[in-house]
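Dumped data.txt below, it's compact mmCIF, C-alpha atoms:
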# COMPACT_ATOMS: atom_id res chain seq x y z
CA MET A 17 -3.27 19.76 9.02
CA ASP A 18 -6.83 21.14 9.07
CA LEU A 19 -8.05 24.05 7.00
CA PRO A 20 -8.09 27.20 9.17
CA PRO A 21 -11.43 28.91 9.87
CA VAL A 22 -12.78 31.55 7.52
CA PRO A 23 -10.71 34.73 8.11
CA ALA A 24 -12.39 37.47 10.08
CA SER A 25 -11.98 40.03 7.27
CA VAL A 26 -13.90 37.74 4.93
CA THR A 27 -16.76 37.27 7.36
CA SER A 28 -16.85 40.99 8.09
CA VAL A 29 -17.17 42.05 4.46
CA ILE A 30 -19.83 39.41 3.82
CA ILE A 31 -22.11 40.67 6.60
CA SER A 32 -21.26 44.36 6.10
CA GLY A 33 -23.60 44.87 3.17
CA LYS A 34 -20.66 46.06 1.06
CA LEU A 35 -20.34 42.93 -1.07
CA PRO A 36 -20.49 43.59 -4.81
CA SER A 37 -23.69 42.25 -6.36
CA GLU A 38 -21.71 39.46 -8.06
CA PHE A 39 -21.30 37.77 -4.67
CA THR A 40 -24.49 38.40 -2.72
CA ALA A 41 -26.22 35.24 -3.95
CA PHE A 42 -23.44 33.09 -2.50
CA PHE A 43 -24.09 33.96 1.15
CA THR A 44 -26.87 34.05 3.70
CA PRO A 45 -27.53 37.25 5.73
CA ALA A 46 -25.61 35.61 8.60
CA GLY A 47 -22.51 35.31 6.41
CA GLU A 48 -22.70 31.58 5.73
CA LEU A 49 -22.50 29.92 2.33
CA THR A 50 -25.91 29.08 0.90
CA ASP A 51 -26.74 25.38 0.50
CA GLU A 52 -26.17 25.60 -3.26
CA THR A 53 -22.75 27.25 -3.01
CA TYR A 54 -19.23 25.88 -2.64
CA TRP A 55 -16.20 27.92 -1.67
CA SER A 56 -14.70 27.05 -5.06
CA ASP A 57 -17.65 28.94 -6.63
CA VAL A 58 -16.65 31.97 -4.59
CA ALA A 59 -13.00 31.59 -5.61
CA SER A 60 -13.86 31.44 -9.32
CA ALA A 61 -16.12 34.48 -8.99
CA VAL A 62 -13.40 36.40 -7.15
CA GLU A 63 -10.86 35.76 -9.90
CA ALA A 64 -13.35 36.88 -12.56
CA TYR A 65 -14.27 40.00 -10.58
CA LEU A 66 -10.70 41.06 -9.83
CA ALA A 67 -9.91 40.85 -13.54
CA THR A 68 -12.52 43.50 -14.37
CA ALA A 69 -12.02 47.25 -14.48
CA GLY A 70 -14.73 48.10 -11.96
CA VAL A 71 -13.28 46.58 -8.80
CA ASP A 72 -14.33 48.22 -5.53
CA GLU A 73 -10.96 48.91 -3.92
CA ASN A 74 -12.55 49.05 -0.46
CA VAL A 75 -13.26 45.31 -0.54
CA ARG A 76 -10.56 44.12 -2.94
CA GLY A 77 -8.28 42.71 -0.24
CA ALA A 78 -11.05 40.88 1.61
CA LEU A 79 -12.40 39.41 -1.61
CA ALA A 80 -8.95 38.21 -2.62
CA LEU A 81 -8.64 36.59 0.80
CA ALA A 82 -12.05 34.93 0.30
CA GLY A 83 -10.90 33.62 -3.05
CA ALA A 84 -7.71 32.21 -1.56
CA TYR A 85 -9.73 30.51 1.15
CA GLY A 86 -12.09 29.12 -1.49
CA TRP A 87 -9.33 27.44 -3.51
CA LEU A 88 -7.79 25.94 -0.39
CA ASP A 89 -11.16 24.70 0.88
CA SER A 90 -11.64 22.80 -2.39
CA GLN A 91 -8.49 20.77 -1.66
CA GLU A 92 -9.51 19.22 1.67
CA ASP A 93 -10.43 15.88 0.04
CA ALA A 94 -8.61 16.31 -3.26
CA THR A 95 -7.05 13.28 -4.97
CA ASP A 96 -5.58 14.80 -8.15
CA PRO A 97 -2.06 16.13 -7.45
CA ASP A 98 -2.00 18.27 -10.60
CA GLN A 99 -5.28 19.95 -9.65
CA MET A 100 -4.04 20.38 -6.10
CA ASP A 101 -0.92 22.15 -7.34
CA GLU A 102 -2.93 24.35 -9.68
CA ASP A 103 -5.48 25.41 -7.06
CA SER A 104 -2.78 25.94 -4.44
CA ASP A 105 -0.95 28.26 -6.86
CA ARG A 106 -4.19 30.17 -7.47
CA ALA A 107 -4.69 30.53 -3.72
CA ILE A 108 -1.13 31.80 -3.27
CA ALA A 109 -1.63 34.42 -5.99
CA LEU A 110 -4.78 35.62 -4.22
CA LEU A 111 -3.02 35.69 -0.84
CA ARG A 112 -0.41 38.00 -2.36
CA GLU A 113 -3.23 40.13 -3.78
CA ALA A 114 -4.92 40.27 -0.39
CA GLU A 115 -1.74 41.36 1.40
CA ALA A 116 -1.06 43.97 -1.27
CA HIS A 117 -4.49 45.48 -0.58
CA GLY A 118 -4.55 45.87 3.16
CA ILE A 119 -4.97 42.40 4.66
CA ASP A 120 -2.59 41.85 7.59
CA ASP A 121 -0.35 38.82 7.63
CA ASP A 122 -1.89 37.66 10.90
CA GLU A 123 -4.91 36.72 8.77
CA THR A 124 -2.93 35.18 5.93
CA ASP A 125 -0.22 33.27 7.82
CA GLU A 126 -2.31 30.18 8.51
CA LEU A 127 -3.55 30.09 4.93
CA TRP A 128 0.03 30.35 3.67
CA ARG A 129 0.94 27.36 5.82
CA TYR A 130 -2.07 25.44 4.61
CA ALA A 131 -1.15 26.20 0.97
CA GLU A 132 2.33 24.80 1.66
CA HIS A 133 0.71 21.76 3.24
CA ILE A 134 -1.39 21.20 0.12
CA GLY A 135 1.74 21.45 -2.01
CA SER A 136 3.47 18.83 0.12
CA ARG A 137 0.42 16.57 -0.01
CA ALA A 138 0.30 16.91 -3.79
CA ALA A 139 3.95 15.90 -4.09
CA GLU A 140 3.43 12.90 -1.81
CA LEU A 141 0.31 11.86 -3.70
CA SER A 142 2.08 12.19 -7.03
CA ASP A 143 4.88 9.93 -5.77
CA TYR A 144 2.33 7.43 -4.43
CA LEU A 145 0.41 7.31 -7.71
CA ALA A 146 3.64 6.74 -9.61
CA GLU A 147 4.50 3.89 -7.25
CA MET A 148 1.02 2.40 -7.72
CA ASP A 149 1.36 2.62 -11.50
CA ALA A 150 4.64 0.72 -11.28
CA TYR A 151 3.09 -1.77 -8.86
CA VAL A 152 0.11 -2.43 -11.14
CA ALA A 153 2.43 -2.82 -14.13
CA LYS A 154 4.32 -5.51 -12.20
CA HIS A 155 1.45 -7.30 -10.43
CA GLY A 156 -1.58 -6.57 -12.62
CA ALA A 157 -3.54 -4.89 -9.80
CA THR A 158 -3.16 -2.62 -6.79
CA PRO A 159 -2.49 -4.24 -3.38
CA GLN A 160 -6.18 -3.79 -2.53
CA GLY A 161 -7.15 -5.26 -5.88
CA ARG A 162 -4.99 -8.34 -5.32
CA LEU A 163 -6.59 -8.96 -1.92
CA ASP A 164 -10.08 -8.34 -3.31
CA ALA A 165 -9.43 -10.94 -5.98
CA LYS A 166 -8.27 -13.48 -3.41
CA LEU A 167 -11.23 -12.77 -1.14
CA GLY A 168 -13.58 -13.05 -4.11
CA GLN A 169 -12.10 -16.42 -5.03
CA ALA A 170 -12.44 -17.58 -1.43
CA HIS A 171 -16.10 -16.49 -1.31
CA GLU A 172 -16.82 -18.40 -4.52
CA LEU A 173 -15.10 -21.55 -3.25
CA TYR A 174 -16.95 -21.41 0.04
CA SER A 175 -20.31 -20.92 -1.70
CA ALA A 176 -19.52 -23.89 -3.94
CA GLY A 177 -18.87 -26.13 -0.94
CA GLU A 178 -15.07 -26.05 -1.24
CA ARG A 179 -14.67 -25.09 2.40
CA ALA A 180 -11.09 -26.26 2.97
CA ALA A 181 -9.72 -24.41 -0.07
CA ALA A 182 -11.66 -21.28 0.85
CA ILE A 183 -10.38 -21.31 4.43
CA VAL A 184 -6.80 -21.41 3.17
CA LEU A 185 -7.38 -18.25 1.12
CA PHE A 186 -9.25 -16.44 3.89
CA ARG A 187 -6.39 -17.19 6.26
CA GLU A 188 -3.77 -16.04 3.74
CA VAL A 189 -5.47 -12.63 3.64
CA ALA A 190 -6.16 -12.52 7.38
CA GLU A 191 -2.58 -13.23 8.43
CA ILE A 192 -0.88 -10.53 6.35
CA ASP A 193 1.05 -8.11 8.56
CA PRO A 194 -1.32 -5.17 9.10
CA TRP A 195 1.44 -2.74 10.08
CA GLY A 196 3.96 -2.90 7.28
CA GLY A 197 4.81 -3.94 3.74
CA GLU A 198 2.94 -3.51 0.49
CA PHE A 199 -0.47 -4.32 2.01
CA SER A 200 -0.25 -1.94 4.98
CA GLY A 201 -3.17 0.16 3.71
CA CYS A 202 -5.53 -2.81 3.41
CA PHE A 203 -6.59 -3.22 7.03
CA ASP A 204 -10.26 -3.68 6.18
CA ARG A 205 -9.39 -6.61 3.88
CA PHE A 206 -7.43 -8.42 6.60
CA ASP A 207 -10.40 -7.84 8.85
CA ILE A 208 -12.71 -9.52 6.32
CA GLY A 209 -10.41 -12.54 6.31
CA TRP A 210 -10.65 -12.87 10.09
CA CYS A 211 -14.42 -12.26 10.07
CA ARG A 212 -14.91 -15.08 7.59
CA LEU A 213 -12.67 -17.43 9.58
CA LEU A 214 -14.62 -16.58 12.73
CA HIS A 215 -17.95 -17.08 10.97
CA ASP A 216 -16.84 -20.46 9.64
CA ALA A 217 -15.53 -21.66 12.99
CA ALA A 218 -18.70 -20.59 14.81
CA HIS A 219 -21.05 -22.24 12.35
CA VAL A 220 -19.06 -25.35 11.50
CA GLU A 221 -16.82 -26.24 14.45
CA GLY A 222 -18.60 -24.66 17.40
CA PRO A 223 -18.12 -22.02 20.09
CA GLU A 224 -14.68 -23.07 21.33
CA ALA A 225 -13.24 -23.06 17.81
CA ALA A 226 -14.78 -19.62 17.31
CA ARG A 227 -13.21 -18.34 20.51
CA LYS A 228 -9.82 -19.61 19.35
CA ILE A 229 -10.13 -17.70 16.06
CA TRP A 230 -11.35 -14.64 18.00
CA GLN A 231 -8.22 -14.65 20.13
CA GLU A 232 -6.00 -15.11 17.06
CA ALA A 233 -7.62 -12.15 15.34
CA ARG A 234 -7.37 -9.93 18.41
CA LYS A 235 -3.70 -10.78 18.82
CA HIS A 236 -2.98 -10.22 15.15
CA HIS A 237 -4.64 -6.78 15.11
CA ARG A 238 -2.54 -5.77 18.13
CA ALA A 239 -3.27 -2.09 18.89
CA ALA A 240 -6.31 -1.94 16.58
CA ARG A 241 -9.84 -3.12 17.27
CA PHE A 242 -11.11 -6.33 15.76
CA PRO A 243 -13.45 -6.15 14.02
CA VAL A 244 -13.10 -2.74 12.45
CA THR A 245 -16.15 -0.56 13.07
CA MET A 246 -17.67 -1.02 9.61
CA HIS A 247 -17.70 -4.82 10.04
CA ALA A 248 -19.03 -4.94 13.60
CA TRP A 249 -22.76 -5.33 12.96
CA PRO A 250 -22.47 -7.75 10.03
CA LEU A 251 -20.20 -9.92 12.20
CA VAL A 252 -22.61 -9.75 15.16
CA GLU A 253 -25.40 -10.91 12.86
CA MET A 254 -23.28 -13.78 11.55
CA LEU A 255 -22.54 -14.92 15.10
CA LEU A 256 -26.11 -14.83 16.43
CA GLY A 257 -27.26 -18.22 17.59
CA THR A 258 -23.82 -19.82 17.48
CA GLY A 259 -23.22 -19.93 21.24
CA VAL A 260 -20.73 -17.08 21.56
CA PRO A 261 -22.65 -14.34 23.43
CA ASP A 262 -19.38 -13.35 25.13
CA ILE A 263 -17.85 -12.42 21.77
CA ILE A 264 -21.01 -10.63 20.64
CA GLU A 265 -21.03 -8.59 23.85
CA VAL A 266 -17.44 -7.44 23.35
CA ILE A 267 -18.10 -6.43 19.73
CA ILE A 268 -21.15 -4.38 20.74
CA HIS A 269 -19.38 -2.65 23.64
CA GLU A 270 -16.41 -1.75 21.45
CA TRP A 271 -18.70 -0.47 18.69
CA LEU A 272 -20.44 1.74 21.23
CA ASP A 273 -17.08 2.99 22.54
CA ALA A 274 -16.00 3.84 18.99
CA ALA A 275 -19.33 5.59 18.32
CA ILE A 276 -18.94 7.75 21.42
CA GLU A 277 -15.31 8.55 20.54
CA GLY A 278 -16.43 9.54 17.06
CA GLY A 279 -19.27 11.71 18.36
CA ARG A 280 -21.97 9.50 16.84
CA GLY A 281 -23.86 8.84 20.08
CA GLU A 282 -24.41 5.70 22.10
CA GLU A 283 -26.76 3.63 19.94
CA PRO A 284 -26.76 2.15 16.42
CA VAL A 285 -27.99 4.65 13.89
CA THR A 286 -29.32 2.75 10.86
CA GLU A 287 -32.48 0.67 10.74
CA ASP A 288 -30.48 -2.47 9.99
CA GLU A 289 -28.06 -1.81 12.84
CA HIS A 290 -31.01 -1.35 15.21
CA ARG A 291 -32.47 -4.65 14.03
CA VAL A 292 -29.24 -6.55 14.71
CA TYR A 293 -28.77 -4.68 17.99
CA GLU A 294 -32.18 -5.76 19.27
CA LEU A 295 -31.56 -9.38 18.23
CA ALA A 296 -28.17 -9.30 19.97
CA LEU A 297 -29.62 -7.82 23.17
CA ALA A 298 -32.27 -10.54 23.24
CA GLU A 299 -29.60 -13.20 22.87
CA LEU A 300 -27.43 -11.65 25.58
CA GLU A 301 -30.36 -11.45 27.95
CA GLY A 302 -31.24 -15.06 27.20
CA SER A 303 -27.70 -16.26 27.72
CA SER A 304 -27.54 -14.38 31.05
CA SER A 305 -30.73 -16.02 32.29
CA ARG A 306 -29.25 -19.41 31.41
CA GLY A 307 -26.13 -18.63 33.44
CA TYR A 308 -23.68 -18.41 30.50
Written as C-alpha cells, that's how I'd like the structure from this file.
Amino acid sequence: MDLPPVPASVTSVIISGKLPSEFTAFFTPAGELTDETYWSDVASAVEAYLATAGVDENVRGALALAGAYGWLDSQEDATDPDQMDEDSDRAIALLREAEAHGIDDDETDELWRYAEHIGSRAAELSDYLAEMDAYVAKHGATPQGRLDAKLGQAHELYSAGERAAAIVLFREVAEIDPWGGEFSGCFDRFDIGWCRLLHDAAHVEGPEAARKIWQEARKHHRAARFPVTMHAWPLVEMLLGTGVPDIIEVIIHEWLDAAIEGGRGEEPVTEDEHRVYELALAELEGSSSRGY
C-alpha cells in the first residue's frame, strides 16, 4: 500500500500565508517541503506546537493532519517494528486531533488505512526478525549470510586454481529453489551462482557449453529474468570475446526492456554501463558481419 498524497487541507494552509512562524521555514512558497526538510521534522514541530498555550485554532486541525502525514511518511522505508508502532500511534493521535478540529473524514480515511497498514507491517516485521534470530541461533548466520559464505569460498577456490571444487559450490547455490523454502529471498545470490557457472563455461569449455548453462539458468529462473538487472552488465562484460554474441544480445535487450518498464529510459545510464554497451555493440556488429 502506498502513502496517500498530501491532504488538500494541509496544502491549502501551507500556501494560505496563515502558517504559524514555527513552520514557515519548512516549506517553499509553492507549498513544497524545502530540500533540507523531512516530513518527520514537520510532525515533531506540530506536536511541540500543539502542546503550547498559544495555538491558532484556525489552523489547528490542518496542522494536526500535517503532523499525522509526517509520521506516516517517515515509515515508508522503516525497518524497526518498535519505531513503526510508535510513529503510527503518534499519527493516529494526530488524526484524532485533526478530526476533532474540523477536518472531514474524507481527508483522514486514507491516512487511517495507511496507519493500519503500518501497524500490520510492523507486526509482520517483528515476527520475521524473531524468526531470523532463531534461524541465526541455529545456523550461525542468516540465509543470505550462509549463501554469501559459500559464494565467498567458491570465489577463493576458483582464484586459487581449484576450479572443480569451486564449480561444485557455485552450482549448489545456483540450483537452490528460487521460489520457496528458507532461501526464497536470496534470488540475487542464486543469480550469482549461475553467472559464475556461465562465465566459467564460456571461458573454459567454449560457446556450446556456455549455451547449455544459459538454458539451464533460464529454465531454473522460470518466470523471472536471468540475469537479474543488477548483474546484466557485469555478465555481458564477462562474456565479451567468448563467442556467444547471441547470449549477449538477449541480455542487452532484456536489460533495455526492464529499463523501459522501470521508467529509466532506453540506454545504459552509468559511464561503466555505457563502456560495456559500446563494446557489446561492436561485438554484435562484428558477429553479424561474419554471418553468426
### Query
Taking all atoms listed in the file into account, which of A:Ile192, A:Leu145, A:Ile31, A:Ala240 comes nearest A:Arg205?
A:Ile192
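Taking atom CA of A:Glu277 and atom CA of A:Tyr293 as the two end points, the separation is 19.0 Å.
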### Message
Please list as a ChimeraX atom specification every residue within 8 Å of stretch 45-51 of chain A, counting all atoms listed in the file and excluding residues in the same chain fewer than 3 positions away.
### Response
/A:27,30-31,41-42,54-55
Selected residues written out, C-alpha atoms, as a PDB file, in the coordinates of the input:
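Done, and the output landed in result-v5.pdb:
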ATOM      1  CA  THR A  27     -16.760  37.270   7.360  1.00  0.00           C
ATOM      2  CA  ILE A  30     -19.830  39.410   3.820  1.00  0.00           C
ATOM      3  CA  ILE A  31     -22.110  40.670   6.600  1.00  0.00           C
ATOM      4  CA  ALA A  41     -26.220  35.240  -3.950  1.00  0.00           C
ATOM      5  CA  PHE A  42     -23.440  33.090  -2.500  1.00  0.00           C
ATOM      6  CA  TYR A  54     -19.230  25.880  -2.640  1.00  0.00           C
ATOM      7  CA  TRP A  55     -16.200  27.920  -1.670  1.00  0.00           C
TER       8      TRP A  55
END
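Atom CA of A:Ala107 sits 17.4 Å away from atom CA of A:Val75.
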### Query
What does the distance between atom CA of A:Glu299 and atom CA of A:Gly259 come to in Å, to one decimal place?
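It comes out at 9.4 Å.
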### Message
Which residues are close to A:Leu213, i.e. within 12 Å by all atoms listed in the file, leaving aside same-chain residues fewer than 4 positions away? Reply as a ChimeraX atom specification.
### Response
/A:167,170-171,174,179-180,182-191,206-209,217-221,225-233,251,254-255
### Message
Would you pick out the contacts of A:Met17 at 12 Å or less, using only C-alpha atoms, so that residues sharing its chain but fewer than 3 positions from it are not included, and give the list as a PyMOL selection string?
### Response
chain A and resi 20+91-92+126-127+129-134+136-137
### Message
When you look at A:Leu81 with a cut-off of 12 Å (counting all atoms listed in the file), what residues show up, excluding the ones that are within fewer than 5 positions of it in the same chain? I need them as a PyMOL selection string.
### Response
chain A and resi 22-30+55+58-59+62-63+66+75-76+86-88+106-121+123-128
### Task
Would you mind listing what lies within 12 Å of A:Gly257 as a list in words, with all atoms listed in the file counted and same-chain residues fewer than 2 positions away left out?
His215, Ala218, His219, Gly222, Pro223, Val252, Glu253, Met254, Leu255, Gly259, Val260, Pro261, Asp262, Ile263, Ile264, Leu295, Ala296, Ala298, Glu299, Leu300, Gly302 and Ser303 of chain A
Just save stretch 69-89 of chain A with N, CA, C and O atoms, as a PDB file, in the first residue's frame.
ATOM      1  N   ALA A  69       0.426  26.848  24.681  1.00  0.00           N
ATOM      2  CA  ALA A  69      -0.834  27.531  25.027  1.00  0.00           C
ATOM      3  C   ALA A  69      -1.289  28.485  23.929  1.00  0.00           C
ATOM      4  O   ALA A  69      -2.433  28.931  23.939  1.00  0.00           O
ATOM      5  N   GLY A  70      -0.420  28.812  22.971  1.00  0.00           N
ATOM      6  CA  GLY A  70      -0.779  29.833  22.001  1.00  0.00           C
ATOM      7  C   GLY A  70      -1.167  29.298  20.643  1.00  0.00           C
ATOM      8  O   GLY A  70      -0.884  29.926  19.613  1.00  0.00           O
ATOM      9  N   VAL A  71      -1.831  28.172  20.609  1.00  0.00           N
ATOM     10  CA  VAL A  71      -2.196  27.549  19.333  1.00  0.00           C
ATOM     11  C   VAL A  71      -3.259  28.375  18.612  1.00  0.00           C
ATOM     12  O   VAL A  71      -4.248  28.790  19.206  1.00  0.00           O
ATOM     13  N   ASP A  72      -3.041  28.601  17.315  1.00  0.00           N
ATOM     14  CA  ASP A  72      -4.032  29.272  16.476  1.00  0.00           C
ATOM     15  C   ASP A  72      -5.110  28.241  16.111  1.00  0.00           C
ATOM     16  O   ASP A  72      -4.870  27.322  15.332  1.00  0.00           O
ATOM     17  N   GLU A  73      -6.279  28.383  16.674  1.00  0.00           N
ATOM     18  CA  GLU A  73      -7.342  27.404  16.476  1.00  0.00           C
ATOM     19  C   GLU A  73      -7.811  27.337  15.025  1.00  0.00           C
ATOM     20  O   GLU A  73      -8.402  26.337  14.608  1.00  0.00           O
ATOM     21  N   ASN A  74      -7.563  28.373  14.250  1.00  0.00           N
ATOM     22  CA  ASN A  74      -7.989  28.372  12.855  1.00  0.00           C
ATOM     23  C   ASN A  74      -7.203  27.371  12.000  1.00  0.00           C
ATOM     24  O   ASN A  74      -7.679  26.960  10.929  1.00  0.00           O
ATOM     25  N   VAL A  75      -6.004  27.029  12.443  1.00  0.00           N
ATOM     26  CA  VAL A  75      -5.174  26.102  11.657  1.00  0.00           C
ATOM     27  C   VAL A  75      -4.849  24.833  12.429  1.00  0.00           C
ATOM     28  O   VAL A  75      -4.107  23.984  11.940  1.00  0.00           O
ATOM     29  N   ARG A  76      -5.404  24.692  13.618  1.00  0.00           N
ATOM     30  CA  ARG A  76      -5.063  23.551  14.473  1.00  0.00           C
ATOM     31  C   ARG A  76      -5.339  22.224  13.770  1.00  0.00           C
ATOM     32  O   ARG A  76      -4.517  21.313  13.771  1.00  0.00           O
ATOM     33  N   GLY A  77      -6.516  22.085  13.179  1.00  0.00           N
ATOM     34  CA  GLY A  77      -6.875  20.818  12.539  1.00  0.00           C
ATOM     35  C   GLY A  77      -5.966  20.474  11.377  1.00  0.00           C
ATOM     36  O   GLY A  77      -5.494  19.334  11.239  1.00  0.00           O
ATOM     37  N   ALA A  78      -5.676  21.465  10.532  1.00  0.00           N
ATOM     38  CA  ALA A  78      -4.810  21.226   9.374  1.00  0.00           C
ATOM     39  C   ALA A  78      -3.391  20.886   9.802  1.00  0.00           C
ATOM     40  O   ALA A  78      -2.732  20.024   9.203  1.00  0.00           O
ATOM     41  N   LEU A  79      -2.911  21.565  10.859  1.00  0.00           N
ATOM     42  CA  LEU A  79      -1.568  21.254  11.345  1.00  0.00           C
ATOM     43  C   LEU A  79      -1.506  19.841  11.923  1.00  0.00           C
ATOM     44  O   LEU A  79      -0.527  19.118  11.717  1.00  0.00           O
ATOM     45  N   ALA A  80      -2.539  19.455  12.662  1.00  0.00           N
ATOM     46  CA  ALA A  80      -2.565  18.097  13.197  1.00  0.00           C
ATOM     47  C   ALA A  80      -2.551  17.079  12.062  1.00  0.00           C
ATOM     48  O   ALA A  80      -1.860  16.048  12.128  1.00  0.00           O
ATOM     49  N   LEU A  81      -3.288  17.378  11.003  1.00  0.00           N
ATOM     50  CA  LEU A  81      -3.307  16.499   9.839  1.00  0.00           C
ATOM     51  C   LEU A  81      -1.922  16.443   9.185  1.00  0.00           C
ATOM     52  O   LEU A  81      -1.462  15.369   8.779  1.00  0.00           O
ATOM     53  N   ALA A  82      -1.234  17.572   9.115  1.00  0.00           N
ATOM     54  CA  ALA A  82       0.124  17.607   8.566  1.00  0.00           C
ATOM     55  C   ALA A  82       1.069  16.771   9.421  1.00  0.00           C
ATOM     56  O   ALA A  82       1.931  16.048   8.900  1.00  0.00           O
ATOM     57  N   GLY A  83       0.899  16.865  10.735  1.00  0.00           N
ATOM     58  CA  GLY A  83       1.737  16.067  11.622  1.00  0.00           C
ATOM     59  C   GLY A  83       1.501  14.576  11.456  1.00  0.00           C
ATOM     60  O   GLY A  83       2.441  13.776  11.432  1.00  0.00           O
ATOM     61  N   ALA A  84       0.222  14.202  11.328  1.00  0.00           N
ATOM     62  CA  ALA A  84      -0.105  12.787  11.106  1.00  0.00           C
ATOM     63  C   ALA A  84       0.529  12.295   9.819  1.00  0.00           C
ATOM     64  O   ALA A  84       1.129  11.215   9.767  1.00  0.00           O
ATOM     65  N   TYR A  85       0.410  13.103   8.768  1.00  0.00           N
ATOM     66  CA  TYR A  85       1.011  12.740   7.492  1.00  0.00           C
ATOM     67  C   TYR A  85       2.525  12.595   7.644  1.00  0.00           C
ATOM     68  O   TYR A  85       3.142  11.673   7.097  1.00  0.00           O
ATOM     69  N   GLY A  86       3.133  13.495   8.396  1.00  0.00           N
ATOM     70  CA  GLY A  86       4.577  13.460   8.581  1.00  0.00           C
ATOM     71  C   GLY A  86       5.058  12.186   9.239  1.00  0.00           C
ATOM     72  O   GLY A  86       6.045  11.572   8.804  1.00  0.00           O
ATOM     73  N   TRP A  87       4.365  11.732  10.290  1.00  0.00           N
ATOM     74  CA  TRP A  87       4.786  10.491  10.954  1.00  0.00           C
ATOM     75  C   TRP A  87       4.585   9.288  10.047  1.00  0.00           C
ATOM     76  O   TRP A  87       5.407   8.350  10.056  1.00  0.00           O
ATOM     77  N   LEU A  88       3.536   9.295   9.252  1.00  0.00           N
ATOM     78  CA  LEU A  88       3.314   8.165   8.346  1.00  0.00           C
ATOM     79  C   LEU A  88       4.323   8.167   7.196  1.00  0.00           C
ATOM     80  O   LEU A  88       4.802   7.110   6.782  1.00  0.00           O
ATOM     81  N   ASP A  89       4.655   9.354   6.696  1.00  0.00           N
ATOM     82  CA  ASP A  89       5.658   9.445   5.638  1.00  0.00           C
ATOM     83  C   ASP A  89       6.991   8.864   6.089  1.00  0.00           C
ATOM     84  O   ASP A  89       7.698   8.222   5.306  1.00  0.00           O
TER      85      ASP A  89
END
